Each structure stands twice: as C-alpha cells, then as structure tokens.
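Asker: Here's a structure for you.
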Amino acid sequence: TAGYLELSSKTNIELINFNKDEMIERANLPKSILDFDVLLNVPVLKTHHVALVTLGIKNLMGLYLPVKKRGEDFHERLEFFREKARQEKREYLSKDEFKQAHIEISGKILDLYKAVSAKIPMITVIDGFFGRDGNGLEKGETKNMGIAIAGENTVAVDTVGAYIMGFNPKLIYYLMLAQREKLGPSQLSKIKIKGVNPETIKTSFKIITAMEERI
C-alpha cells in the first residue's frame, strides 16, 4: 500500500523484513542493522494513548524482536491495570494507573533508544506532512501540517515535534528522562533550530489517553 515494493523494483534497493531477522546476541534487535552505516528513522507526527506522543524514540519499537512480544513487553503495566479494572467492574483506568503505565512505557522505549543508538548512528526525520491526533490509532483526526522535522539527536527532534503538536515537552516523561540522562535536550531553548520557527506553526493536537478509553 505504501509503494515500497514498486520503489524497491525501480531502485534495486533490497527490502529487509526485520521481523524475520536473527537477533543480536543479548539484545532484542535485528542483526541486519549492524550491516549499515546509518539508520534513517522515519516516524509520523502523531499522538499515543499511553506515551502521549509517538515520534522518533517510540518508533524504534519497530525494531524490537520478537514482533509478537512488542505489545506485551512494552504495555505490561497497562494490561495489568486494565485487567484489574475489569475485575473491579470499572470502565476506566484511574489517573494514578495511567501515570504508572506512562512511566513504564517511557522507561522502556528510552532503554530501547539507548540500545539502538549504541549500535548504529541515527538520523530521525518526522513525517509531519500529515499528522494524527486522538489516540494515534483508530480514533482521531488527520492533521494537514505540511512539515518535516529532522536531526541527528532524536531527543531534540522529538522535543520539537511534541512542542509543535501543542504539548509541553517537560510533561512527557520519556523526554524529561532523556534530558536527565544527558541523551539530548528536552527544552526548545537548548536546541539549535534551522528553518521555520516552531512558534509560528505550533498547533493543538487533541489526545485520547488510555485513561479515557473504555476498558
């Protein structure tokens, strides 16, 4: 549907299904990434019902192996609280349960980012030509933004993306954690930006969190 097969045929570029790849020893990552000089990480500008935004760092979940364990390994606390709510006949998660699920996925995707960036240099390009709000999946609206955000530091790129979407990067735990661990800046004032001033294109993405979704 995305046209990659046609592109591969025209350019003679090999397509690799990482989901069928061997894993790097002691890492849940595809071995093929060790064969390349750079990883081009191309997420879409959109929200997420647990991580709040799903940009460059969370996009790396596409590298996590085995594919069948992605949801289970990254949403362990969320599923635990959902089951607890079902048993208690509650329709929604509590604020504290959502916070714990948000903290868990933030820590895990940041660990993944550290593992990947230790193996291969990365350039992140957020495709913001069309963004998506809501929960980032089936609920939400397509946002015609007409922008791209690119950089060598994924934390900085995600910070700019989150800000343009109307979020305070300080309130997104994985970005705050990344700055604390000196992996990159989560404050616009510490990022050198070339091109359009983010302030002039800043908008307001609505978000439906896991706390607002019926169990």
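Letters A, B, ... mark the chains of the structure tokens in the order given; residue numbers begin at 1 per chain; ligand numbers begin at 1, in order shown.
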With a distance cut-off of 12 Å and only C-alpha atoms, select the neighbouring residues of A:Ser117, excluding the residue or stretch itself and same-chain residues fewer than 2 positions from it, and output the selection as a ChimeraX atom specification.
Answerer: /A:29,33-34,37-41,56-57,60,63,110-115,119-124,152-155,183
Asker: As a list in words, which residues of stretch 69-214 of chain A does DSSP assign to strand (DSSP E or B)?
Answerer: Met122, Ile123, Thr124, Val125, Ile126, Asp127, Gly128, Phe129, Phe130, Gly131, Arg132, Gly134, Thr142, Lys143, Asn144, Met145, Gly146, Ile147, Ala148, Ile149, Ala150, Gly151 and Ile207 of chain A
Asker: Would you pick out the contacts of A:Lys99 at 12 Å or less, using only C-alpha atoms, so that residues sharing its chain but fewer than 5 positions from it are not included, and give the list as a compact mmCIF listing (two decimals) with N, CA and C atoms, in the first residue's frame?
Answerer:
```txt
# COMPACT_ATOMS: atom_id res chain seq x y z
N HIS A 49 -1.91 6.86 23.04
CA HIS A 49 -2.79 6.82 24.21
C HIS A 49 -2.06 6.55 25.51
N VAL A 50 -0.80 6.13 25.47
CA VAL A 50 -0.05 5.91 26.71
C VAL A 50 1.21 6.78 26.77
N ALA A 51 2.00 6.80 25.69
CA ALA A 51 3.23 7.59 25.68
C ALA A 51 2.97 9.08 25.44
N LEU A 52 1.74 9.44 25.11
CA LEU A 52 1.27 10.79 24.78
C LEU A 52 1.65 11.20 23.36
N ARG A 77 2.34 -3.01 32.33
CA ARG A 77 1.58 -2.35 33.42
C ARG A 77 0.19 -1.95 32.94
N LEU A 78 0.10 -1.46 31.71
CA LEU A 78 -1.20 -1.06 31.17
C LEU A 78 -2.17 -2.23 31.17
N PHE A 81 -3.30 -3.15 34.71
CA PHE A 81 -4.31 -2.25 35.26
C PHE A 81 -5.65 -2.41 34.55
N LEU A 93 -9.45 3.47 33.54
CA LEU A 93 -8.30 3.45 34.42
C LEU A 93 -8.33 4.68 35.32
N SER A 94 -7.72 4.59 36.48
CA SER A 94 -7.59 5.76 37.34
C SER A 94 -6.43 6.62 36.84
N GLU A 104 6.08 3.57 32.82
CA GLU A 104 6.67 2.30 32.40
C GLU A 104 7.07 2.32 30.92
N ILE A 105 6.16 2.71 30.04
CA ILE A 105 6.48 2.68 28.62
C ILE A 105 7.57 3.71 28.29
N SER A 106 7.59 4.81 29.03
CA SER A 106 8.63 5.84 28.81
C SER A 106 10.01 5.27 29.09
N LEU A 171 6.31 17.64 30.27
CA LEU A 171 5.28 16.77 30.82
C LEU A 171 5.26 15.39 30.17
N ILE A 172 6.14 15.19 29.18
CA ILE A 172 6.26 13.89 28.53
C ILE A 172 7.45 13.19 29.17
N TYR A 173 7.17 12.15 29.94
CA TYR A 173 8.17 11.59 30.85
C TYR A 173 9.42 11.10 30.15
N THR A 209 -6.32 9.60 25.93
CA THR A 209 -5.38 8.74 26.65
C THR A 209 -6.04 7.42 27.03
N ALA A 210 -5.20 6.47 27.44
CA ALA A 210 -5.71 5.17 27.90
C ALA A 210 -6.62 5.35 29.11
N MET A 211 -6.46 6.46 29.82
CA MET A 211 -7.29 6.74 30.99
C MET A 211 -8.73 7.09 30.56
```
Asker: Using only C-alpha atoms, which residue out of A:Gly134, A:Gly128, A:Pro30, A:Gly140 lies closest to A:Met61?
Answerer: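 The answer is A:Pro30, which sits nearest to A:Met61.
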Asker: Residues near A:Gln179, anyone? I mean within 10 Å using only C-alpha atoms, not counting same-chain ones fewer than 5 positions away, as a list in words.
Answerer: Val155, Ala156, Lys170, Tyr174, Gly184, Pro185, Ser186 and Gln187 of chain A
Asker: Kindly export the residues of the current selection with N, CA and C atoms, as a PDB file, in the first residue's frame.
Answerer:
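Produced file result.pdb, reproduced below:
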```pdb
ATOM      1  N   VAL A 155      16.193  12.858  20.591  1.00  0.00           N
ATOM      2  CA  VAL A 155      15.531  13.511  21.731  1.00  0.00           C
ATOM      3  C   VAL A 155      15.154  14.949  21.347  1.00  0.00           C
ATOM      4  N   ALA A 156      16.085  15.653  20.706  1.00  0.00           N
ATOM      5  CA  ALA A 156      15.830  17.028  20.274  1.00  0.00           C
ATOM      6  C   ALA A 156      14.725  17.071  19.220  1.00  0.00           C
ATOM      7  N   LYS A 170       8.168  19.016  28.806  1.00  0.00           N
ATOM      8  CA  LYS A 170       8.517  18.694  30.192  1.00  0.00           C
ATOM      9  C   LYS A 170       7.526  17.719  30.822  1.00  0.00           C
ATOM     10  N   TYR A 174       9.296  10.469  28.997  1.00  0.00           N
ATOM     11  CA  TYR A 174      10.498   9.935  28.364  1.00  0.00           C
ATOM     12  C   TYR A 174      11.439  11.041  27.900  1.00  0.00           C
ATOM     13  N   GLY A 184      20.015  14.052  25.397  1.00  0.00           N
ATOM     14  CA  GLY A 184      19.608  15.105  24.488  1.00  0.00           C
ATOM     15  C   GLY A 184      18.737  16.113  25.220  1.00  0.00           C
ATOM     16  N   PRO A 185      18.500  17.274  24.612  1.00  0.00           N
ATOM     17  CA  PRO A 185      17.714  18.329  25.267  1.00  0.00           C
ATOM     18  C   PRO A 185      16.211  18.148  25.087  1.00  0.00           C
ATOM     19  N   SER A 186      15.465  18.400  26.154  1.00  0.00           N
ATOM     20  CA  SER A 186      14.008  18.379  26.060  1.00  0.00           C
ATOM     21  C   SER A 186      13.443  19.778  26.303  1.00  0.00           C
ATOM     22  N   GLN A 187      14.280  20.783  26.067  1.00  0.00           N
ATOM     23  CA  GLN A 187      13.858  22.184  26.170  1.00  0.00           C
ATOM     24  C   GLN A 187      14.205  22.882  24.858  1.00  0.00           C
TER      25      GLN A 187
END
```
Asker: Check the smallest atom-to-atom distance from each of A:Ile147, A:Ile24, A:Val67, A:Ile13 to A:Met165 using only C-alpha atoms, then report the winner.
Answerer: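 So, comparing all the options, the nearest one is A:Ile147.
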Asker: Please indicate the distance in Å from atom CA of A:Ala85 to atom CA of A:Glu138, rounded to one decimal place.
Answerer: 22.5 Å
Asker: Using only C-alpha atoms, can you tell me which of A:Glu212, A:Asn197, A:His48, A:Leu65 comes closest to A:Glu97?
Answerer: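 Among the listed residues, the smallest separation from A:Glu97 belongs to A:Glu212.
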Asker: Name the residues of stretch 100-132 of chain A that come out as alpha helix (DSSP H) in a backbone DSSP run; write them as a list in words.
Answerer: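 Filtering stretch 100-132 of chain A down to alpha helix (DSSP H) leaves Gln100, Ala101, His102, Ile103, Glu104, Ile105, Ser106, Gly107, Lys108, Ile109, Leu110, Asp111, Leu112, Tyr113, Lys114, Ala115, Val116, Ser117, Ala118 and Lys119 of chain A.
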